[in-house]
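Comments concern the structure below.
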Amino acid sequence: MAPSANAAPAGAQSCYGSAETYFKPNGPRDYPAGDHLQSSGSCNDINIKPKTNRYVQVCIENIPEGTLECPDPDDFVYAAADQWTVVTYNVDPGTAFVFRFRSTAQSSGSWAA
């Protein structure tokens, strides 16, 4: 039987199979605020699937200094509601990062890295 046109590659299925949910309250632009997430190695990239359309970027934490290295402040990726979007490509397992949203509005959905 031929795969359907919507079938995701096996790597993507395994990557998204390890997805976690997130909830960012009104106010902060970073998720998680005051902490960081860590890439698992299940994905080569950092992906997000928000429940509503969002503009987002990924800031990588520089572990020795504890600072965030973010893209240009105007360089946000458009993530459509209920669709997986790659925000940052080619990330090593164990990379510490946060999602930075352009808006301070509440956001929720899933992420995989």
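Chain lettering (A, B, ...) mirrors the order of the structure tokens, residue numbering begins at 1 for each chain separately, and ligand numbering begins at 1 in order of display.
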Exercise: segment 109-113 of chain A partners within 8 Å, only C-alpha atoms, chain neighbours under 2 positions left out, as a PyMOL selection string: chain A and resi 15-16+18-23+38-51+82+107
Arg29 of chain A surroundings by only C-alpha atoms, 10 Å radius, close-in-sequence under 6 positions cut, as number ranges by chain: A: 56, 98-107
Please dump the current selection as a PDB file, in the first residue's frame; keep all heavy atoms.
ATOM      1  N   VAL A  56       7.739  33.657  16.380  1.00  0.00           N
ATOM      2  CA  VAL A  56       8.601  33.137  17.441  1.00  0.00           C
ATOM      3  C   VAL A  56      10.035  32.987  16.930  1.00  0.00           C
ATOM      4  O   VAL A  56      10.265  32.856  15.726  1.00  0.00           O
ATOM      5  CB  VAL A  56       8.038  31.789  17.971  1.00  0.00           C
ATOM      6  CG1 VAL A  56       8.023  30.742  16.894  1.00  0.00           C
ATOM      7  CG2 VAL A  56       8.761  31.314  19.203  1.00  0.00           C
ATOM      8  N   VAL A  98      15.401  28.834  24.819  1.00  0.00           N
ATOM      9  CA  VAL A  98      14.060  29.318  25.140  1.00  0.00           C
ATOM     10  C   VAL A  98      13.391  29.728  23.833  1.00  0.00           C
ATOM     11  O   VAL A  98      14.068  30.073  22.859  1.00  0.00           O
ATOM     12  CB  VAL A  98      14.052  30.523  26.118  1.00  0.00           C
ATOM     13  CG1 VAL A  98      14.708  30.170  27.435  1.00  0.00           C
ATOM     14  CG2 VAL A  98      14.697  31.745  25.511  1.00  0.00           C
ATOM     15  N   PHE A  99      12.089  29.680  23.821  1.00  0.00           N
ATOM     16  CA  PHE A  99      11.320  30.271  22.736  1.00  0.00           C
ATOM     17  C   PHE A  99      11.067  31.717  23.110  1.00  0.00           C
ATOM     18  O   PHE A  99      10.656  32.007  24.235  1.00  0.00           O
ATOM     19  CB  PHE A  99       9.974  29.562  22.548  1.00  0.00           C
ATOM     20  CG  PHE A  99      10.077  28.208  21.942  1.00  0.00           C
ATOM     21  CD1 PHE A  99       9.923  27.071  22.725  1.00  0.00           C
ATOM     22  CD2 PHE A  99      10.331  28.046  20.586  1.00  0.00           C
ATOM     23  CE1 PHE A  99      10.006  25.800  22.163  1.00  0.00           C
ATOM     24  CE2 PHE A  99      10.428  26.790  20.020  1.00  0.00           C
ATOM     25  CZ  PHE A  99      10.269  25.664  20.811  1.00  0.00           C
ATOM     26  N   ARG A 100      11.314  32.644  22.201  1.00  0.00           N
ATOM     27  CA  ARG A 100      10.999  34.056  22.413  1.00  0.00           C
ATOM     28  C   ARG A 100       9.892  34.421  21.435  1.00  0.00           C
ATOM     29  O   ARG A 100      10.055  34.314  20.226  1.00  0.00           O
ATOM     30  CB  ARG A 100      12.213  34.950  22.201  1.00  0.00           C
ATOM     31  CG  ARG A 100      11.866  36.437  22.377  1.00  0.00           C
ATOM     32  CD  ARG A 100      13.065  37.274  22.639  1.00  0.00           C
ATOM     33  NE  ARG A 100      13.565  36.985  23.996  1.00  0.00           N
ATOM     34  CZ  ARG A 100      14.757  37.367  24.437  1.00  0.00           C
ATOM     35  NH1 ARG A 100      15.576  38.035  23.651  1.00  0.00           N
ATOM     36  NH2 ARG A 100      15.140  37.074  25.663  1.00  0.00           N
ATOM     37  N   PHE A 101       8.755  34.833  21.980  1.00  0.00           N
ATOM     38  CA  PHE A 101       7.596  35.217  21.177  1.00  0.00           C
ATOM     39  C   PHE A 101       7.630  36.722  20.923  1.00  0.00           C
ATOM     40  O   PHE A 101       8.078  37.488  21.775  1.00  0.00           O
ATOM     41  CB  PHE A 101       6.310  34.826  21.899  1.00  0.00           C
ATOM     42  CG  PHE A 101       6.119  33.343  22.013  1.00  0.00           C
ATOM     43  CD1 PHE A 101       6.717  32.618  23.029  1.00  0.00           C
ATOM     44  CD2 PHE A 101       5.345  32.664  21.081  1.00  0.00           C
ATOM     45  CE1 PHE A 101       6.555  31.241  23.124  1.00  0.00           C
ATOM     46  CE2 PHE A 101       5.178  31.297  21.168  1.00  0.00           C
ATOM     47  CZ  PHE A 101       5.791  30.578  22.192  1.00  0.00           C
ATOM     48  N   ARG A 102       7.150  37.130  19.769  1.00  0.00           N
ATOM     49  CA  ARG A 102       7.105  38.564  19.460  1.00  0.00           C
ATOM     50  C   ARG A 102       6.061  39.259  20.322  1.00  0.00           C
ATOM     51  O   ARG A 102       6.213  40.417  20.692  1.00  0.00           O
ATOM     52  CB  ARG A 102       6.805  38.764  17.972  1.00  0.00           C
ATOM     53  CG  ARG A 102       6.946  40.203  17.529  1.00  0.00           C
ATOM     54  CD  ARG A 102       6.908  40.346  16.044  1.00  0.00           C
ATOM     55  NE  ARG A 102       5.548  40.188  15.548  1.00  0.00           N
ATOM     56  CZ  ARG A 102       5.201  40.329  14.286  1.00  0.00           C
ATOM     57  NH1 ARG A 102       6.112  40.609  13.375  1.00  0.00           N
ATOM     58  NH2 ARG A 102       3.957  40.165  13.913  1.00  0.00           N
ATOM     59  N   SER A 103       5.026  38.533  20.679  1.00  0.00           N
ATOM     60  CA  SER A 103       3.912  39.085  21.444  1.00  0.00           C
ATOM     61  C   SER A 103       3.999  38.664  22.912  1.00  0.00           C
ATOM     62  O   SER A 103       4.510  37.591  23.231  1.00  0.00           O
ATOM     63  CB  SER A 103       2.591  38.572  20.856  1.00  0.00           C
ATOM     64  OG  SER A 103       1.514  38.865  21.704  1.00  0.00           O
ATOM     65  N   THR A 104       3.453  39.494  23.778  1.00  0.00           N
ATOM     66  CA  THR A 104       3.362  39.136  25.193  1.00  0.00           C
ATOM     67  C   THR A 104       2.074  38.377  25.494  1.00  0.00           C
ATOM     68  O   THR A 104       1.843  37.978  26.633  1.00  0.00           O
ATOM     69  CB  THR A 104       3.414  40.402  26.083  1.00  0.00           C
ATOM     70  OG1 THR A 104       2.331  41.258  25.731  1.00  0.00           O
ATOM     71  CG2 THR A 104       4.744  41.121  25.929  1.00  0.00           C
ATOM     72  N   ALA A 105       1.237  38.144  24.480  1.00  0.00           N
ATOM     73  CA  ALA A 105      -0.036  37.447  24.675  1.00  0.00           C
ATOM     74  C   ALA A 105       0.188  35.986  25.061  1.00  0.00           C
ATOM     75  O   ALA A 105       1.208  35.380  24.734  1.00  0.00           O
ATOM     76  CB  ALA A 105      -0.876  37.511  23.400  1.00  0.00           C
ATOM     77  N   GLN A 106      -0.791  35.432  25.740  1.00  0.00           N
ATOM     78  CA  GLN A 106      -0.768  34.019  26.116  1.00  0.00           C
ATOM     79  C   GLN A 106      -0.600  33.147  24.873  1.00  0.00           C
ATOM     80  O   GLN A 106      -1.106  33.463  23.810  1.00  0.00           O
ATOM     81  CB  GLN A 106      -2.077  33.686  26.816  1.00  0.00           C
ATOM     82  CG  GLN A 106      -2.255  32.230  27.155  1.00  0.00           C
ATOM     83  CD  GLN A 106      -3.606  31.975  27.802  1.00  0.00           C
ATOM     84  OE1 GLN A 106      -3.956  32.649  28.767  1.00  0.00           O
ATOM     85  NE2 GLN A 106      -4.337  31.021  27.284  1.00  0.00           N
ATOM     86  N   SER A 107       0.117  32.044  25.022  1.00  0.00           N
ATOM     87  CA  SER A 107       0.294  31.097  23.921  1.00  0.00           C
ATOM     88  C   SER A 107       0.392  29.689  24.494  1.00  0.00           C
ATOM     89  O   SER A 107       0.914  29.498  25.597  1.00  0.00           O
ATOM     90  CB  SER A 107       1.561  31.420  23.129  1.00  0.00           C
ATOM     91  OG  SER A 107       1.721  30.506  22.060  1.00  0.00           O
TER      92      SER A 107
END
d(atom CA of Asn26 of chain A, atom CA of Val91 of chain A) in Å: 28.2 Å
DSSP strand (DSSP E or B) residues within segment 14-96 of chain A, listed as a ChimeraX atom specification: /A:20-24,30-31,37-38,46-50,54-62,67-69,77-79,85-88,96
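Closest approach to Ser108 of chain A among A:Trp84, A:Tyr31, A:Tyr89, A:Tyr78: A:Tyr31, based on only C-alpha atoms.
Take atom CA of Val87 of chain A and atom CA of Pro73 of chain A: the distance between them is 14.4 Å.
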Separation of atom CA of Ala81 of chain A from atom CA of Leu68 of chain A in Å: 26.3 Å
Best match for closeness to Asp35 of chain A among A:Ser14, A:Thr88, A:Thr52, A:Thr67, counting only C-alpha atoms: A:Thr67
Residue list (helix (DSSP H, G or I), DSSP) for chain A, as a PyMOL selection string: chain A and resi 10-17
Can you write out the residues you just picked, keeping all heavy atoms, as a short mmCIF file (atom, residue, chain, number, x, y, z; two decimals), in the first residue's frame?
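For reference, part_3.cif as written:
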data_model
loop_
_atom_site.label_atom_id
_atom_site.label_comp_id
_atom_site.auth_asym_id
_atom_site.auth_seq_id
_atom_site.Cartn_x
_atom_site.Cartn_y
_atom_site.Cartn_z
N ALA A 10 9.73 9.12 8.56
CA ALA A 10 9.87 8.40 9.84
C ALA A 10 10.59 9.24 10.88
O ALA A 10 10.22 9.24 12.05
CB ALA A 10 10.60 7.09 9.61
N GLY A 11 11.63 9.98 10.49
CA GLY A 11 12.35 10.82 11.45
C GLY A 11 11.46 11.89 12.05
O GLY A 11 11.54 12.18 13.24
N ALA A 12 10.61 12.48 11.22
CA ALA A 12 9.70 13.52 11.72
C ALA A 12 8.68 12.91 12.67
O ALA A 12 8.35 13.50 13.69
CB ALA A 12 9.00 14.22 10.56
N GLN A 13 8.17 11.72 12.35
CA GLN A 13 7.21 11.08 13.23
C GLN A 13 7.84 10.81 14.59
O GLN A 13 7.23 11.04 15.62
CB GLN A 13 6.70 9.78 12.60
CG GLN A 13 5.79 10.02 11.42
CD GLN A 13 5.42 8.72 10.71
OE1 GLN A 13 5.95 7.66 10.99
NE2 GLN A 13 4.49 8.83 9.78
N SER A 14 9.09 10.33 14.61
CA SER A 14 9.74 10.05 15.87
C SER A 14 10.05 11.35 16.60
O SER A 14 9.93 11.43 17.81
CB SER A 14 10.98 9.21 15.61
OG SER A 14 12.14 9.78 16.07
N CYS A 15 10.43 12.39 15.88
CA CYS A 15 10.70 13.69 16.48
C CYS A 15 9.43 14.24 17.14
O CYS A 15 9.43 14.58 18.31
CB CYS A 15 11.20 14.65 15.41
SG CYS A 15 11.30 16.38 15.91
N TYR A 16 8.34 14.30 16.39
CA TYR A 16 7.10 14.85 16.93
C TYR A 16 6.47 13.93 17.96
O TYR A 16 5.70 14.37 18.80
CB TYR A 16 6.12 15.15 15.80
CG TYR A 16 6.66 16.17 14.81
CD1 TYR A 16 6.33 16.10 13.47
CD2 TYR A 16 7.52 17.18 15.20
CE1 TYR A 16 6.82 17.01 12.55
CE2 TYR A 16 8.03 18.10 14.29
CZ TYR A 16 7.67 18.01 12.96
OH TYR A 16 8.16 18.91 12.06
N GLY A 17 6.83 12.64 17.92
CA GLY A 17 6.34 11.70 18.92
C GLY A 17 6.87 12.01 20.31
O GLY A 17 6.29 11.62 21.31
#
